[in-house]
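Below is work_30.cif, holding mmCIF, C-alpha atoms.
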data_input
#
loop_
_atom_site.group_PDB
_atom_site.id
_atom_site.type_symbol
_atom_site.label_atom_id
_atom_site.label_comp_id
_atom_site.auth_asym_id
_atom_site.auth_seq_id
_atom_site.Cartn_x
_atom_site.Cartn_y
_atom_site.Cartn_z
ATOM 1 C CA MET A 1 -61.761 86.426 -49.604
ATOM 2 C CA MET A 2 -60.695 89.648 -51.288
ATOM 3 C CA PHE A 3 -57.652 91.521 -50.083
ATOM 4 C CA LYS A 4 -57.356 95.286 -50.055
ATOM 5 C CA PRO A 5 -55.086 96.348 -52.949
ATOM 6 C CA ILE A 6 -51.809 98.095 -52.214
ATOM 7 C CA THR A 7 -52.324 101.828 -52.708
ATOM 8 C CA ASP A 8 -49.845 104.546 -53.626
ATOM 9 C CA ASP A 9 -50.072 105.819 -50.058
ATOM 10 C CA ASP A 10 -48.920 102.412 -48.785
ATOM 11 C CA VAL A 11 -45.882 102.555 -51.063
ATOM 12 C CA LEU A 12 -45.063 106.156 -50.137
ATOM 13 C CA SER A 13 -45.396 105.576 -46.398
ATOM 14 C CA SER A 14 -43.158 102.508 -46.491
ATOM 15 C CA ILE A 15 -40.451 104.444 -48.373
ATOM 16 C CA ASP A 16 -40.827 107.305 -45.876
ATOM 17 C CA LYS A 17 -40.364 104.927 -42.940
ATOM 18 C CA LEU A 18 -37.302 103.279 -44.506
ATOM 19 C CA ALA A 19 -35.415 106.224 -45.986
ATOM 20 C CA GLY A 20 -37.164 109.487 -45.182
ATOM 21 C CA ASP A 21 -36.064 111.898 -47.903
ATOM 22 C CA GLY A 22 -33.267 109.653 -49.222
ATOM 23 C CA PHE A 23 -32.964 106.575 -51.384
ATOM 24 C CA CYS A 24 -33.509 103.004 -50.208
ATOM 25 C CA LEU A 25 -33.364 99.619 -51.891
ATOM 26 C CA SER A 26 -36.521 98.686 -53.729
ATOM 27 C CA ALA A 27 -36.184 95.152 -52.308
ATOM 28 C CA ASP A 28 -36.508 96.614 -48.798
ATOM 29 C CA VAL A 29 -39.626 98.514 -49.849
ATOM 30 C CA LEU A 30 -41.166 95.376 -51.339
ATOM 31 C CA SER A 31 -40.620 93.432 -48.133
ATOM 32 C CA SER A 32 -42.251 96.189 -46.054
ATOM 33 C CA LEU A 33 -45.447 96.342 -48.147
ATOM 34 C CA PRO A 34 -48.558 94.340 -47.150
ATOM 35 C CA LYS A 35 -48.139 90.610 -47.557
ATOM 36 C CA LEU A 36 -49.806 89.979 -50.886
ATOM 37 C CA SER A 37 -48.013 88.222 -53.729
ATOM 38 C CA HIS A 38 -44.617 89.456 -54.843
ATOM 39 C CA ALA A 39 -46.111 90.404 -58.212
ATOM 40 C CA ASP A 40 -48.741 92.589 -56.498
ATOM 41 C CA ARG A 41 -46.055 94.372 -54.501
ATOM 42 C CA ARG A 42 -43.867 94.900 -57.595
ATOM 43 C CA ARG A 43 -46.892 96.146 -59.537
ATOM 44 C CA ALA A 44 -47.762 98.661 -56.808
ATOM 45 C CA LEU A 45 -44.199 100.019 -56.731
ATOM 46 C CA HIS A 46 -44.026 100.264 -60.524
ATOM 47 C CA ARG A 47 -47.429 102.001 -60.610
ATOM 48 C CA ALA A 48 -46.130 104.655 -58.186
ATOM 49 C CA VAL A 49 -43.016 105.119 -60.350
ATOM 50 C CA SER A 50 -45.046 105.472 -63.550
ATOM 51 C CA ARG A 51 -47.346 108.050 -61.915
ATOM 52 C CA GLY A 52 -44.327 110.185 -60.999
ATOM 53 C CA LEU A 53 -44.702 109.758 -57.240
ATOM 54 C CA VAL A 54 -41.502 107.742 -56.799
ATOM 55 C CA ILE A 55 -38.054 108.038 -58.400
ATOM 56 C CA GLU A 56 -36.297 104.790 -59.320
ATOM 57 C CA ARG A 57 -32.541 104.722 -59.999
ATOM 58 C CA ARG A 58 -29.834 102.091 -60.316
ATOM 59 C CA GLY A 59 -27.062 102.360 -57.774
ATOM 60 C CA PRO A 60 -23.353 101.737 -58.390
ATOM 61 C CA ASP A 61 -23.927 98.147 -57.276
ATOM 62 C CA GLY A 62 -26.536 97.654 -60.020
ATOM 63 C CA ARG A 63 -29.462 97.313 -57.613
ATOM 64 C CA ALA A 64 -32.634 99.402 -57.894
ATOM 65 C CA HIS A 65 -33.060 102.239 -55.392
ATOM 66 C CA VAL A 66 -36.219 104.312 -54.886
ATOM 67 C CA ALA A 67 -37.027 107.665 -53.295
ATOM 68 C CA ILE A 68 -40.136 109.791 -52.963
ATOM 69 C CA ALA A 69 -40.484 112.475 -55.653
ATOM 70 C CA SER A 70 -41.864 115.948 -54.942
ATOM 71 C CA GLU A 71 -45.318 114.932 -56.220
ATOM 72 C CA GLY A 72 -45.198 111.961 -53.868
ATOM 73 C CA TRP A 73 -44.430 114.221 -50.907
ATOM 74 C CA ARG A 74 -47.417 116.391 -51.816
ATOM 75 C CA GLN A 75 -49.696 113.367 -51.925
ATOM 76 C CA LEU A 76 -48.264 111.965 -48.685
ATOM 77 C CA ARG A 77 -48.832 115.253 -46.853
ATOM 78 C CA ALA A 78 -52.383 115.554 -48.228
ATOM 79 C CA ALA A 79 -53.355 112.081 -46.973
#
If you took the structure in this file and wrote it as structure tokens, what would it be?
Amino acid sequence: MMFKPITDDDVLSSIDKLAGDGFCLSADVLSSLPKLSHADRRRALHRAVSRGLVIERRGPDGRAHVAIASEGWRQLRAA
């Protein structure tokens, strides 16, 4: 049985639900994505970062935080 892959829109909408136009923990985003393997969820988030749709930064606590970039907002509004 094949599962539907996690798309960029899935990643963007989960960040939008969690943080709106701010930053949220990438661990929270990973847990809110569809329940495929952890590697699939990490891969989908990294793919969105490498395409310039999501900004990834390290916080003062050393944990990774993500936010939607301007290109990501354009894609989210177009969908």
Measuring atom to atom with all atoms listed in the file, identify which of A:Val54, A:Ala64, A:Leu36, A:Ala44 is nearest to Asp16 (chain A).
A:Val54
Evaluate the PyMOL selection byres ((chain A and resi 72-75) around 10) and record the selected residues as a PyMOL selection string, following the chain and residue labels used in the document.
chain A and resi 8-9+11-13+16+21+48-49+51-55+67-71+76-79
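Between CA of Asp10 (chain A) and CA of Arg57 (chain A) the interatomic distance comes to 20.0 Å.
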Distance cut-off 7 Å, centre (-31.1, 95.0, -55.9) in file coordinates, counting only C-alpha atoms: which residues qualify? Return them as a PyMOL selection string.
chain A and resi 25-27+62-64
So the first atom is CA of His65 (chain A) and the second is CA of Phe3 (chain A); what is the distance between them in Å, to one decimal place?
27.3 Å
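In this model, the gap between CA of Ile15 (chain A) and CA of Gly59 (chain A) comes to 16.5 Å.
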Which is closer to His46 (chain A) than all the others in A:Phe23, A:Val66, A:Ser31, A:Lys4, using all atoms listed in the file?
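Checking each of A:Phe23, A:Val66, A:Ser31, A:Lys4 against His46 (chain A), counting all atoms listed in the file, the winner is A:Val66.
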Output as lines of an AutoDock Vina configuration file the centre and edge lengths (Å, one decimal) of the box along x, y and z of the file that holds every listed atom of region 6-22 of chain A after adding 6 Å on each side.
center_x = -42.8
center_y = 105.0
center_z = -48.3
size_x = 31.1
size_y = 25.8
size_z = 22.7
